[in-house]
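One structure is given here, and the rest of the page talks about it.
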Amino acid sequence: MAKDYGLPPGAEENRALVRARLDEIAAGGGTRETFTVEWRGQPEHLEVIQMPVGDLYYNPATHRIRAQAGHDPERAAALEASPWDTDSQAYLGRLLQVVPADPARTDPEFDELMGSLKEFGQSEPGLITHEGVLVNGNTRRAALLELFGPAHAMRVAVLPPSCSWQDVAAIELSLQLRKEHRRDYSYINHLLAVQELVDLGTPLSVIASTFRTTTARCRQDQWVLALIESLVQRSEAAGERLSLVVFEEQAEKFRELQRAYAKQYAVNPAKADLLVENRLAAMLLGFAKTDVRFVDHDFRQKYLCKTLPASEAPAAAPAGSAGIAIPGLGRAVEGPSADLSAAKALTDAVLHARAVGEPGSSASPEVAAEAQREFERLRIALDEAITDAGRDARIKKRKQAAPARLADAGRNIDQCITDLVMSRARRSLDEEAFDDAVSDLRQQLEKLAVEVRRTVQEPGDGVTWLLEAMGKAD
């Protein structure tokens, strides 16, 4: 079930005003503006009225700013406890105006919305409950308040009186997916919306249909959100922890991480866990997606141990050689390996440094400065290690280039054999053109044999045949 936020303090007054204005419309006759929404599985045509923008309330359950609400823990706690208080509503109003990945800055899209409203007015109505809670149009209300003040009239459609908080959540999601809706959910808010539907018991196939995606992508979203929430928990240090907003601009990195994990997990689950921890450290240190791709399950052993001195390496959690006890059974299971413990310790060190060093942290200047220095030391170490890994990857690619091209040529010759058989049946072969092509092939093979003789130090059977066939053997 969706959380019940109760009723705002002006609920009764808004009910009376809404009822009176709906009655006026019904008695007036003439053309009436309506707004259509998906209401409990069926289209519902709702009457549109005008309400003072100052009498309306931001929706505390909106998915649009769910992740950003935790940016200020103190105000987030107040919002959770008393969503209708003036300060909580003001906090919601501010969150609706900011850049999703950086709540300290006003979103340029919000400035554009204000400009559009000032010049052209509302193009479509908002949507409210009878109590004056905005289900759609929260951002527009924030803009109208900034532009014209609380007495300005806002056009809003009115939901049926029986509307519940579960209806509010369902309608907001359905409206979000309309093509004309201007501002999409941010990445983390999308993940939270998917998980909320899962928690309500909605089948993944229905969620995928709702978000115009696939069940596989929904499962990926669940995996990513669970990982991000665990990182938030692990980041706690000196009374600080990272907020969900920190991960807003890492969508592609997390999707690539999940795909790499799934691929490795099918082969070796232990290596898959190592790959995740190693890549998380690189992602949290701010490396680009193309750099993170060089980080594999063996990255620490091959590269990072050389660039991360023991004095700077975070202490690893004790490996699970003694096992982890299962309460009540008197038995133990094997704990994480020493490699995985070391990788997790590094990720945790980066998380702690970021949590303490984030702008707005309540940590002392000395603690924050030390966290920043630790962050830079770890980043320099990973930068050097990633550079080495990238160099080896490029060398490996160059080593594989010549064999790969020759394999492609072999596949083309194999197709040529099939084409010859087909042309013989149809008597359609251009023999002169074919002869010219064979002559060109011979010339290319002779050139190849010359370079092979200069390059290959220990010829195998294949190279020996090529050299002998082309007359290039010593």
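Scheme for the structure tokens: letters A, B, ... for chains in order shown; per-chain residue numbers from 1; ligand numbers from 1 in order shown.
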Pull the strand (DSSP E) assignments for segment 114-340 of chain A out of DSSP run on the backbone, and list those residues as a VMD selection string. chain A and resid 126 to 128 134 to 136 153 to 158 324 to 326 331 to 333
List the neighbours of Ala238 of chain A out to 12 Å using only C-alpha atoms; skip same-chain residues closer than 4 positions along the sequence, and give me the result as a list in words.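 With the cut-off at 12 Å, the set is Leu242, Leu351, His352, Ala353, Arg354, Ala355, Val356, Gly357, Ser361, Ser362, Ala363, Ser364, Val367, Ala368 and Ala371 of chain A.
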Excluding Asp55 of chain A and any residue of its chain fewer than 6 positions from it, enumerate the residues within 8 Å of it, using only C-alpha atoms, and give them as a compact mmCIF listing (two decimals) with N, CA and C atoms, in the first residue's frame.
```txt
# COMPACT_ATOMS: atom_id res chain seq x y z
N GLY A 10 -5.51 22.86 5.44
CA GLY A 10 -6.59 23.58 4.77
C GLY A 10 -7.51 22.67 3.97
N ASN A 14 -10.52 23.84 1.35
CA ASN A 14 -10.35 23.54 -0.06
C ASN A 14 -11.49 22.69 -0.61
N GLY A 132 -6.97 19.84 -2.30
CA GLY A 132 -6.02 20.83 -2.82
C GLY A 132 -4.60 20.32 -2.95
N PRO A 150 0.80 34.24 -4.23
CA PRO A 150 -0.19 33.23 -3.82
C PRO A 150 -1.61 33.50 -4.28
```
Run DSSP on the backbone and grab whatever in segment 242-467 of chain A lands in alpha helix (DSSP H); send it over as a CSV table (one decimal) with N, CA and C atoms, in the first residue's frame.
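Everything below was put into part_10.csv:
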```csv
chain,number,residue,atom,x,y,z
A,251,ALA,N,24.1,7.0,-14.7
A,251,ALA,CA,23.1,6.0,-15.2
A,251,ALA,C,23.8,5.0,-16.1
A,252,GLU,N,24.6,5.5,-17.1
A,252,GLU,CA,25.2,4.6,-18.1
A,252,GLU,C,26.2,3.7,-17.4
A,253,LYS,N,27.0,4.3,-16.5
A,253,LYS,CA,28.0,3.5,-15.8
A,253,LYS,C,27.4,2.3,-15.0
A,254,PHE,N,26.3,2.6,-14.3
A,254,PHE,CA,25.6,1.5,-13.6
A,254,PHE,C,25.0,0.5,-14.5
A,255,ARG,N,24.4,0.9,-15.6
A,255,ARG,CA,23.9,-0.1,-16.6
A,255,ARG,C,25.0,-1.0,-17.1
A,256,GLU,N,26.1,-0.4,-17.5
A,256,GLU,CA,27.2,-1.2,-18.0
A,256,GLU,C,27.8,-2.1,-16.9
A,257,LEU,N,27.8,-1.6,-15.7
A,257,LEU,CA,28.3,-2.4,-14.5
A,257,LEU,C,27.4,-3.6,-14.4
A,258,GLN,N,26.0,-3.4,-14.4
A,258,GLN,CA,25.1,-4.6,-14.3
A,258,GLN,C,25.3,-5.6,-15.4
A,259,ARG,N,25.5,-5.1,-16.6
A,259,ARG,CA,25.7,-6.0,-17.7
A,259,ARG,C,27.0,-6.8,-17.6
A,260,ALA,N,28.0,-6.1,-17.2
A,260,ALA,CA,29.3,-6.8,-17.0
A,260,ALA,C,29.2,-7.8,-15.9
A,261,TYR,N,28.5,-7.4,-14.8
A,261,TYR,CA,28.3,-8.4,-13.6
A,261,TYR,C,27.6,-9.6,-14.1
A,262,ALA,N,26.5,-9.4,-14.8
A,262,ALA,CA,25.7,-10.6,-15.2
A,262,ALA,C,26.5,-11.5,-16.1
A,263,LYS,N,27.3,-10.9,-17.0
A,263,LYS,CA,28.1,-11.8,-17.9
A,263,LYS,C,29.1,-12.5,-17.2
A,264,GLN,N,29.8,-11.9,-16.2
A,264,GLN,CA,30.8,-12.6,-15.4
A,264,GLN,C,30.2,-13.5,-14.4
A,265,TYR,N,29.1,-13.2,-13.9
A,265,TYR,CA,28.4,-14.1,-12.9
A,265,TYR,C,28.1,-15.4,-13.5
A,269,PRO,N,30.8,-16.5,-10.2
A,269,PRO,CA,30.2,-15.5,-9.3
A,269,PRO,C,31.2,-14.8,-8.5
A,270,ALA,N,32.3,-15.4,-8.0
A,270,ALA,CA,33.3,-14.8,-7.2
A,270,ALA,C,34.0,-13.6,-7.9
A,271,LYS,N,34.3,-13.9,-9.2
A,271,LYS,CA,35.0,-12.9,-10.0
A,271,LYS,C,34.0,-11.7,-10.3
A,272,ALA,N,32.7,-12.1,-10.4
A,272,ALA,CA,31.7,-11.0,-10.7
A,272,ALA,C,31.6,-10.1,-9.5
A,273,ASP,N,31.7,-10.6,-8.3
A,273,ASP,CA,31.7,-9.7,-7.1
A,273,ASP,C,32.9,-8.8,-7.1
A,274,LEU,N,34.1,-9.4,-7.4
A,274,LEU,CA,35.3,-8.6,-7.5
A,274,LEU,C,35.2,-7.5,-8.5
A,275,LEU,N,34.7,-7.8,-9.7
A,275,LEU,CA,34.6,-6.8,-10.8
A,275,LEU,C,33.7,-5.7,-10.3
A,276,VAL,N,32.6,-5.9,-9.6
A,276,VAL,CA,31.7,-4.9,-9.2
A,276,VAL,C,32.4,-3.9,-8.2
A,277,GLU,N,33.1,-4.5,-7.2
A,277,GLU,CA,33.8,-3.7,-6.2
A,277,GLU,C,34.9,-2.9,-6.8
A,278,ASN,N,35.7,-3.5,-7.7
A,278,ASN,CA,36.8,-2.7,-8.4
A,278,ASN,C,36.2,-1.6,-9.2
A,279,ARG,N,35.2,-1.8,-10.0
A,279,ARG,CA,34.6,-0.8,-10.8
A,279,ARG,C,33.9,0.3,-10.0
A,280,LEU,N,33.3,-0.1,-8.9
A,280,LEU,CA,32.6,0.9,-8.0
A,280,LEU,C,33.6,2.0,-7.5
A,281,ALA,N,34.8,1.5,-7.1
A,281,ALA,CA,35.8,2.5,-6.7
A,281,ALA,C,36.2,3.5,-7.8
A,282,ALA,N,36.3,3.0,-9.0
A,282,ALA,CA,36.7,3.9,-10.1
A,282,ALA,C,35.5,4.8,-10.4
A,283,MET,N,34.3,4.3,-10.4
A,283,MET,CA,33.1,5.2,-10.7
A,283,MET,C,33.0,6.3,-9.6
A,284,LEU,N,33.2,5.9,-8.3
A,284,LEU,CA,33.0,6.9,-7.2
A,284,LEU,C,34.1,7.9,-7.2
A,289,LYS,N,33.4,6.7,-18.2
A,289,LYS,CA,32.9,5.4,-18.6
A,289,LYS,C,33.9,4.6,-19.4
A,290,THR,N,34.6,5.2,-20.3
A,290,THR,CA,35.6,4.6,-21.1
A,290,THR,C,36.8,4.1,-20.3
A,291,ASP,N,37.1,4.8,-19.2
A,291,ASP,CA,38.2,4.4,-18.3
A,291,ASP,C,37.7,3.2,-17.4
A,292,VAL,N,36.5,3.3,-16.9
A,292,VAL,CA,36.0,2.3,-16.0
A,292,VAL,C,36.0,0.9,-16.7
A,299,PHE,N,41.9,-6.5,-11.6
A,299,PHE,CA,42.5,-5.2,-11.7
A,299,PHE,C,43.4,-4.9,-10.5
A,305,CYS,N,47.8,-2.8,-7.1
A,305,CYS,CA,48.7,-3.1,-6.0
A,305,CYS,C,50.1,-2.4,-6.3
A,306,LYS,N,50.4,-2.1,-7.5
A,306,LYS,CA,51.7,-1.5,-7.8
A,306,LYS,C,51.6,0.0,-7.6
A,307,THR,N,50.4,0.6,-7.7
A,307,THR,CA,50.3,2.1,-7.6
A,307,THR,C,49.8,2.5,-6.3
A,338,ALA,N,39.9,-12.9,0.7
A,338,ALA,CA,40.8,-11.8,1.0
A,338,ALA,C,40.8,-10.7,-0.1
A,339,ASP,N,40.7,-11.2,-1.3
A,339,ASP,CA,40.7,-10.2,-2.4
A,339,ASP,C,39.4,-9.3,-2.4
A,340,LEU,N,38.3,-10.0,-2.2
A,340,LEU,CA,37.0,-9.3,-2.1
A,340,LEU,C,37.0,-8.3,-0.9
A,341,SER,N,37.5,-8.8,0.2
A,341,SER,CA,37.5,-7.9,1.4
A,341,SER,C,38.4,-6.7,1.1
A,342,ALA,N,39.5,-6.9,0.5
A,342,ALA,CA,40.4,-5.7,0.2
A,342,ALA,C,39.7,-4.8,-0.8
A,343,ALA,N,39.0,-5.3,-1.8
A,343,ALA,CA,38.3,-4.5,-2.8
A,343,ALA,C,37.2,-3.7,-2.1
A,344,LYS,N,36.5,-4.3,-1.2
A,344,LYS,CA,35.4,-3.6,-0.5
A,344,LYS,C,36.0,-2.6,0.4
A,345,ALA,N,37.1,-2.8,1.0
A,345,ALA,CA,37.7,-1.8,1.9
A,345,ALA,C,38.1,-0.6,1.1
A,346,LEU,N,38.6,-0.8,-0.1
A,346,LEU,CA,39.0,0.4,-1.0
A,346,LEU,C,37.7,1.2,-1.3
A,347,THR,N,36.7,0.5,-1.7
A,347,THR,CA,35.4,1.1,-2.1
A,347,THR,C,34.9,1.9,-0.9
A,348,ASP,N,34.9,1.3,0.3
A,348,ASP,CA,34.4,2.0,1.5
A,348,ASP,C,35.3,3.2,1.8
A,349,ALA,N,36.6,3.1,1.6
A,349,ALA,CA,37.4,4.3,1.9
A,349,ALA,C,37.1,5.4,0.9
A,350,VAL,N,36.8,5.1,-0.3
A,350,VAL,CA,36.4,6.2,-1.2
A,350,VAL,C,35.0,6.8,-0.8
A,351,LEU,N,34.1,5.9,-0.4
A,351,LEU,CA,32.7,6.3,0.0
A,351,LEU,C,32.9,7.2,1.2
A,352,HIS,N,33.7,6.9,2.2
A,352,HIS,CA,33.8,7.7,3.4
A,352,HIS,C,34.4,9.0,3.1
A,353,ALA,N,35.5,9.0,2.2
A,353,ALA,CA,36.1,10.3,1.8
A,353,ALA,C,35.1,11.2,1.1
A,354,ARG,N,34.3,10.6,0.3
A,354,ARG,CA,33.3,11.5,-0.4
A,354,ARG,C,32.2,12.0,0.5
A,355,ALA,N,31.8,11.1,1.4
A,355,ALA,CA,30.7,11.5,2.4
A,355,ALA,C,31.2,12.7,3.2
A,356,VAL,N,32.4,12.6,3.8
A,356,VAL,CA,32.9,13.6,4.7
A,356,VAL,C,33.3,14.9,3.9
A,357,GLY,N,33.7,14.7,2.7
A,357,GLY,CA,34.2,15.9,1.9
A,357,GLY,C,33.2,16.5,1.0
A,365,PRO,N,36.5,21.3,9.5
A,365,PRO,CA,37.4,21.6,8.3
A,365,PRO,C,38.6,20.7,8.2
A,366,GLU,N,39.2,20.3,9.4
A,366,GLU,CA,40.3,19.5,9.4
A,366,GLU,C,40.0,18.1,8.9
A,367,VAL,N,38.8,17.5,9.3
A,367,VAL,CA,38.4,16.2,8.9
A,367,VAL,C,38.1,16.2,7.4
A,368,ALA,N,37.4,17.3,7.0
A,368,ALA,CA,37.0,17.4,5.6
A,368,ALA,C,38.2,17.5,4.7
A,369,ALA,N,39.2,18.3,5.2
A,369,ALA,CA,40.5,18.4,4.4
A,369,ALA,C,41.2,17.1,4.3
A,370,GLU,N,41.3,16.4,5.4
A,370,GLU,CA,41.9,15.1,5.3
A,370,GLU,C,41.2,14.1,4.4
A,371,ALA,N,39.9,14.1,4.4
A,371,ALA,CA,39.1,13.3,3.5
A,371,ALA,C,39.4,13.6,2.1
A,372,GLN,N,39.5,14.9,1.8
A,372,GLN,CA,39.8,15.4,0.4
A,372,GLN,C,41.2,14.9,0.0
A,373,ARG,N,42.1,15.0,0.9
A,373,ARG,CA,43.5,14.5,0.6
A,373,ARG,C,43.5,13.0,0.3
A,374,GLU,N,42.7,12.2,1.1
A,374,GLU,CA,42.6,10.8,0.9
A,374,GLU,C,42.0,10.5,-0.4
A,375,PHE,N,41.0,11.2,-0.7
A,375,PHE,CA,40.3,11.0,-2.0
A,375,PHE,C,41.3,11.3,-3.2
A,376,GLU,N,42.0,12.3,-3.1
A,376,GLU,CA,43.0,12.6,-4.2
A,376,GLU,C,44.1,11.6,-4.3
A,377,ARG,N,44.6,11.1,-3.1
A,377,ARG,CA,45.6,10.0,-3.1
A,377,ARG,C,45.0,8.8,-3.8
A,378,LEU,N,43.8,8.4,-3.5
A,378,LEU,CA,43.3,7.2,-4.1
A,378,LEU,C,43.0,7.4,-5.6
A,379,ARG,N,42.6,8.6,-5.9
A,379,ARG,CA,42.3,8.8,-7.3
A,379,ARG,C,43.6,8.8,-8.2
A,380,ILE,N,44.7,9.3,-7.6
A,380,ILE,CA,46.0,9.3,-8.4
A,380,ILE,C,46.4,7.9,-8.5
A,381,ALA,N,46.3,7.1,-7.5
A,381,ALA,CA,46.7,5.6,-7.6
A,381,ALA,C,45.8,4.9,-8.6
A,382,LEU,N,44.5,5.1,-8.6
A,382,LEU,CA,43.7,4.4,-9.6
A,382,LEU,C,43.9,5.0,-11.0
A,383,ASP,N,44.2,6.3,-11.1
A,383,ASP,CA,44.5,6.9,-12.4
A,383,ASP,C,45.7,6.2,-13.1
A,384,GLU,N,46.8,6.0,-12.3
A,384,GLU,CA,48.0,5.3,-12.8
A,384,GLU,C,47.7,3.9,-13.2
A,385,ALA,N,46.9,3.2,-12.3
A,385,ALA,CA,46.6,1.8,-12.5
A,385,ALA,C,45.7,1.6,-13.8
A,386,ILE,N,44.7,2.5,-14.0
A,386,ILE,CA,43.9,2.5,-15.1
A,386,ILE,C,44.7,2.8,-16.4
A,387,THR,N,45.6,3.7,-16.3
A,387,THR,CA,46.5,4.0,-17.4
A,387,THR,C,47.3,2.7,-17.9
A,388,ASP,N,47.8,2.0,-16.9
A,388,ASP,CA,48.5,0.8,-17.2
A,388,ASP,C,47.6,-0.3,-17.8
A,389,ALA,N,46.4,-0.4,-17.2
A,389,ALA,CA,45.4,-1.4,-17.7
A,389,ALA,C,45.0,-1.0,-19.2
A,390,GLY,N,44.8,0.3,-19.4
A,390,GLY,CA,44.4,0.7,-20.8
A,390,GLY,C,45.5,0.5,-21.8
A,391,ARG,N,46.8,0.7,-21.3
A,391,ARG,CA,47.9,0.4,-22.2
A,391,ARG,C,48.0,-1.1,-22.6
A,392,ASP,N,47.8,-1.9,-21.6
A,392,ASP,CA,47.9,-3.4,-21.9
A,392,ASP,C,46.7,-3.8,-22.8
A,393,ALA,N,45.5,-3.2,-22.6
A,393,ALA,CA,44.4,-3.5,-23.4
A,393,ALA,C,44.6,-3.1,-24.8
A,394,ARG,N,45.3,-1.9,-25.0
A,394,ARG,CA,45.5,-1.5,-26.4
A,394,ARG,C,46.6,-2.4,-27.1
A,395,ILE,N,47.6,-2.8,-26.3
A,395,ILE,CA,48.6,-3.7,-26.8
A,395,ILE,C,48.0,-5.1,-27.2
A,396,LYS,N,47.1,-5.6,-26.3
A,396,LYS,CA,46.4,-6.8,-26.6
A,396,LYS,C,45.5,-6.7,-27.8
A,397,LYS,N,44.9,-5.6,-28.0
A,397,LYS,CA,44.1,-5.4,-29.2
A,397,LYS,C,44.9,-5.4,-30.4
A,398,ARG,N,46.1,-4.7,-30.3
A,398,ARG,CA,47.0,-4.7,-31.5
A,398,ARG,C,47.5,-6.1,-31.8
A,399,LYS,N,47.8,-6.9,-30.8
A,399,LYS,CA,48.3,-8.2,-31.0
A,399,LYS,C,47.2,-9.1,-31.6
A,400,GLN,N,45.9,-8.8,-31.3
A,400,GLN,CA,44.8,-9.6,-31.9
A,400,GLN,C,44.4,-9.1,-33.2
A,401,ALA,N,44.8,-7.9,-33.7
A,401,ALA,CA,44.3,-7.3,-34.9
A,401,ALA,C,44.6,-8.2,-36.1
A,402,ALA,N,45.9,-8.6,-36.3
A,402,ALA,CA,46.3,-9.3,-37.5
A,402,ALA,C,45.6,-10.7,-37.6
A,403,PRO,N,45.6,-11.5,-36.5
A,403,PRO,CA,44.8,-12.7,-36.5
A,403,PRO,C,43.3,-12.6,-36.8
A,404,ALA,N,42.7,-11.5,-36.3
A,404,ALA,CA,41.3,-11.3,-36.5
A,404,ALA,C,41.0,-10.9,-38.0
A,405,ARG,N,41.9,-10.1,-38.6
A,405,ARG,CA,41.7,-9.8,-40.0
A,405,ARG,C,41.8,-11.0,-40.9
A,406,LEU,N,42.8,-11.9,-40.5
A,406,LEU,CA,43.0,-13.1,-41.3
A,406,LEU,C,41.8,-14.0,-41.2
A,407,ALA,N,41.3,-14.1,-40.0
A,407,ALA,CA,40.1,-14.9,-39.7
A,407,ALA,C,38.9,-14.4,-40.6
A,408,ASP,N,38.8,-13.1,-40.7
A,408,ASP,CA,37.7,-12.5,-41.5
A,408,ASP,C,37.9,-12.9,-43.0
A,409,ALA,N,39.2,-12.8,-43.4
A,409,ALA,CA,39.5,-13.2,-44.8
A,409,ALA,C,39.1,-14.7,-45.0
A,410,GLY,N,39.4,-15.5,-44.0
A,410,GLY,CA,39.0,-16.9,-44.2
A,410,GLY,C,37.5,-17.1,-44.3
A,411,ARG,N,36.7,-16.3,-43.5
A,411,ARG,CA,35.3,-16.4,-43.6
A,411,ARG,C,34.8,-16.0,-45.0
A,412,ASN,N,35.5,-15.0,-45.5
A,412,ASN,CA,35.1,-14.5,-46.9
A,412,ASN,C,35.4,-15.5,-47.9
A,413,ILE,N,36.5,-16.2,-47.8
A,413,ILE,CA,36.9,-17.3,-48.7
A,413,ILE,C,35.9,-18.4,-48.6
A,414,ASP,N,35.5,-18.8,-47.4
A,414,ASP,CA,34.5,-19.8,-47.2
A,414,ASP,C,33.1,-19.5,-47.9
A,415,GLN,N,32.8,-18.2,-47.8
A,415,GLN,CA,31.5,-17.7,-48.5
A,415,GLN,C,31.8,-17.8,-50.0
A,416,CYS,N,33.0,-17.5,-50.5
A,416,CYS,CA,33.3,-17.6,-51.9
A,416,CYS,C,33.1,-19.0,-52.4
A,417,ILE,N,33.5,-20.0,-51.6
A,417,ILE,CA,33.3,-21.4,-52.0
A,417,ILE,C,31.8,-21.7,-52.3
A,418,THR,N,31.0,-21.2,-51.4
A,418,THR,CA,29.5,-21.4,-51.5
A,418,THR,C,29.0,-20.7,-52.8
A,419,ASP,N,29.5,-19.5,-53.0
A,419,ASP,CA,29.1,-18.7,-54.2
A,419,ASP,C,29.5,-19.5,-55.5
A,420,LEU,N,30.7,-20.1,-55.5
A,420,LEU,CA,31.2,-20.8,-56.6
A,420,LEU,C,30.3,-22.0,-56.9
A,421,VAL,N,29.9,-22.7,-55.9
A,421,VAL,CA,29.0,-23.9,-56.1
A,421,VAL,C,27.7,-23.4,-56.7
A,422,MET,N,27.1,-22.3,-56.2
A,422,MET,CA,25.9,-21.8,-56.7
A,422,MET,C,26.0,-21.3,-58.1
A,423,SER,N,27.2,-20.7,-58.5
A,423,SER,CA,27.4,-20.2,-59.8
A,423,SER,C,27.5,-21.3,-60.8
A,424,ARG,N,28.1,-22.4,-60.3
A,424,ARG,CA,28.3,-23.6,-61.2
A,424,ARG,C,26.9,-24.2,-61.6
A,425,ALA,N,26.0,-24.2,-60.6
A,425,ALA,CA,24.7,-24.7,-60.9
A,425,ALA,C,24.0,-23.8,-61.9
A,426,ARG,N,24.2,-22.5,-61.8
A,426,ARG,CA,23.5,-21.6,-62.7
A,426,ARG,C,24.3,-21.2,-64.0
A,431,GLU,N,34.4,-16.0,-65.4
A,431,GLU,CA,35.7,-16.7,-65.2
A,431,GLU,C,36.9,-15.7,-65.3
A,432,GLU,N,36.9,-14.8,-66.2
A,432,GLU,CA,38.0,-13.8,-66.3
A,432,GLU,C,38.1,-13.0,-65.0
A,433,ALA,N,37.0,-12.5,-64.6
A,433,ALA,CA,37.0,-11.7,-63.3
A,433,ALA,C,37.5,-12.5,-62.2
A,434,PHE,N,37.0,-13.8,-62.1
A,434,PHE,CA,37.5,-14.6,-61.0
A,434,PHE,C,39.0,-14.9,-61.1
A,435,ASP,N,39.5,-15.1,-62.3
A,435,ASP,CA,40.9,-15.3,-62.5
A,435,ASP,C,41.7,-14.1,-62.0
A,436,ASP,N,41.2,-12.9,-62.4
A,436,ASP,CA,41.9,-11.6,-61.9
A,436,ASP,C,41.9,-11.5,-60.4
A,437,ALA,N,40.8,-11.9,-59.8
A,437,ALA,CA,40.7,-11.9,-58.3
A,437,ALA,C,41.7,-12.8,-57.7
A,438,VAL,N,41.8,-14.0,-58.3
A,438,VAL,CA,42.8,-15.0,-57.7
A,438,VAL,C,44.2,-14.5,-57.8
A,439,SER,N,44.5,-13.8,-58.9
A,439,SER,CA,45.8,-13.2,-59.1
A,439,SER,C,46.1,-12.2,-58.1
A,440,ASP,N,45.1,-11.3,-57.8
A,440,ASP,CA,45.3,-10.3,-56.8
A,440,ASP,C,45.5,-11.0,-55.4
A,441,LEU,N,44.7,-12.1,-55.2
A,441,LEU,CA,44.9,-12.8,-53.9
A,441,LEU,C,46.3,-13.3,-53.7
A,442,ARG,N,46.8,-13.9,-54.8
A,442,ARG,CA,48.2,-14.5,-54.8
A,442,ARG,C,49.2,-13.4,-54.4
A,443,GLN,N,49.0,-12.2,-55.1
A,443,GLN,CA,50.0,-11.1,-54.8
A,443,GLN,C,49.9,-10.7,-53.3
A,444,GLN,N,48.7,-10.6,-52.8
A,444,GLN,CA,48.5,-10.2,-51.4
A,444,GLN,C,49.1,-11.3,-50.5
A,445,LEU,N,48.9,-12.6,-50.8
A,445,LEU,CA,49.5,-13.7,-50.0
A,445,LEU,C,51.0,-13.6,-50.0
A,446,GLU,N,51.6,-13.3,-51.2
A,446,GLU,CA,53.0,-13.2,-51.3
A,446,GLU,C,53.6,-12.1,-50.4
A,447,LYS,N,52.9,-10.9,-50.4
A,447,LYS,CA,53.3,-9.8,-49.5
A,447,LYS,C,53.1,-10.2,-48.0
A,448,LEU,N,52.0,-11.0,-47.7
A,448,LEU,CA,51.8,-11.4,-46.4
A,448,LEU,C,52.9,-12.3,-45.9
A,449,ALA,N,53.3,-13.3,-46.8
A,449,ALA,CA,54.3,-14.2,-46.5
A,449,ALA,C,55.7,-13.5,-46.2
A,450,VAL,N,56.0,-12.5,-47.0
A,450,VAL,CA,57.2,-11.7,-46.7
A,450,VAL,C,57.2,-11.1,-45.3
A,451,GLU,N,56.1,-10.5,-44.9
A,451,GLU,CA,56.0,-9.8,-43.6
A,451,GLU,C,56.0,-10.9,-42.5
A,452,VAL,N,55.3,-12.0,-42.8
A,452,VAL,CA,55.3,-13.1,-41.8
A,452,VAL,C,56.7,-13.6,-41.5
A,453,ARG,N,57.5,-13.8,-42.6
A,453,ARG,CA,58.8,-14.3,-42.4
A,453,ARG,C,59.7,-13.4,-41.5
A,454,ARG,N,59.4,-12.0,-41.7
A,454,ARG,CA,60.2,-11.0,-40.9
A,454,ARG,C,59.7,-11.0,-39.5
A,455,THR,N,58.5,-11.3,-39.3
A,455,THR,CA,57.9,-11.0,-37.9
A,455,THR,C,57.8,-12.2,-37.0
A,461,ASP,N,52.7,-24.7,-37.8
A,461,ASP,CA,52.3,-25.4,-39.1
A,461,ASP,C,51.7,-24.5,-40.1
A,462,GLY,N,50.8,-23.6,-39.6
A,462,GLY,CA,50.1,-22.7,-40.6
A,462,GLY,C,51.0,-21.7,-41.2
A,463,VAL,N,51.9,-21.1,-40.4
A,463,VAL,CA,52.9,-20.1,-41.0
A,463,VAL,C,53.9,-20.9,-41.9
A,464,THR,N,54.3,-22.0,-41.5
A,464,THR,CA,55.2,-22.8,-42.4
A,464,THR,C,54.6,-23.1,-43.7
A,465,TRP,N,53.3,-23.5,-43.7
A,465,TRP,CA,52.7,-23.8,-45.0
A,465,TRP,C,52.6,-22.5,-45.9
A,466,LEU,N,52.3,-21.4,-45.3
A,466,LEU,CA,52.2,-20.2,-46.0
A,466,LEU,C,53.5,-19.8,-46.7
A,467,LEU,N,54.6,-19.9,-45.9
A,467,LEU,CA,55.9,-19.6,-46.4
A,467,LEU,C,56.3,-20.5,-47.5
```
For a quick check of understanding, using only C-alpha atoms, which of A:Ala69, A:Val246, A:Leu7, A:Cys218 has the smallest distance to Leu285 of chain A? A:Val246
Which residue, A:Leu147, A:Leu113, A:Leu204, A:Leu429, has the smallest gap to Arg217 of chain A when you use only C-alpha atoms? A:Leu204
Can you pull out every residue within 10 Å of Trp84 of chain A, counting only C-alpha atoms, but drop anything in the same chain fewer than 6 positions away, and send it as a ChimeraX atom specification? /A:5-10,57-60,78,90
Restricting the calculation to only C-alpha atoms: of A:Lys302, A:Thr106, A:Arg15, A:Gln50, which residue gets closest to Thr129 of chain A?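 Ranked by minimum distance to Thr129 of chain A, first place goes to A:Arg15.
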Among the residues A:Glu131, A:Ala2, A:Met470, A:Val53, the one that comes closest to Val198 of chain A [using only C-alpha atoms]: A:Ala2
Report, in Å with one decimal, the straight-line distance from atom CA of Ile171 of chain A to atom CA of Gly93 of chain A.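 Atom CA of Gly93 of chain A lies at a distance of 20.5 Å from atom CA of Ile171 of chain A.
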Which value, in Å to one decimal, gives the distance between atom CA of Ala153 of chain A and atom CA of Pro52 of chain A? 4.5 Å
Kindly indicate which residue among A:Arg21, A:Arg94, A:Lys118, A:Arg219 lies nearest to Leu191 of chain A, using only C-alpha atoms for the distances. A:Arg219
List the spatial neighbours of Cys163 of chain A as a ChimeraX atom specification - criterion: any atom at most 12 Å away, only C-alpha atoms, same-chain residues fewer than 5 positions off excluded. /A:4,39-40,127-133,135,158,168-171
Just-selected residues, C-alpha atoms written as a compact mmCIF listing (two decimals), in the first residue's frame:
```
# COMPACT_ATOMS: atom_id res chain seq x y z
CA ASP A 4 -0.88 7.75 3.79
CA TRP A 39 -8.62 6.55 -13.31
CA ARG A 40 -8.56 3.02 -11.90
CA LEU A 127 -4.44 18.15 -11.29
CA ILE A 128 -5.55 18.21 -7.65
CA THR A 129 -7.48 16.22 -5.09
CA HIS A 130 -10.54 17.77 -3.45
CA GLU A 131 -8.24 18.72 -0.55
CA GLY A 132 -6.02 20.83 -2.82
CA VAL A 133 -3.04 18.43 -3.07
CA VAL A 135 -0.98 15.36 -8.25
CA VAL A 158 -10.24 17.88 -9.90
CA VAL A 168 -2.34 9.60 -6.49
CA ALA A 169 0.80 7.51 -7.11
CA ALA A 170 -0.75 5.62 -10.03
CA ILE A 171 -2.07 8.76 -11.73
```
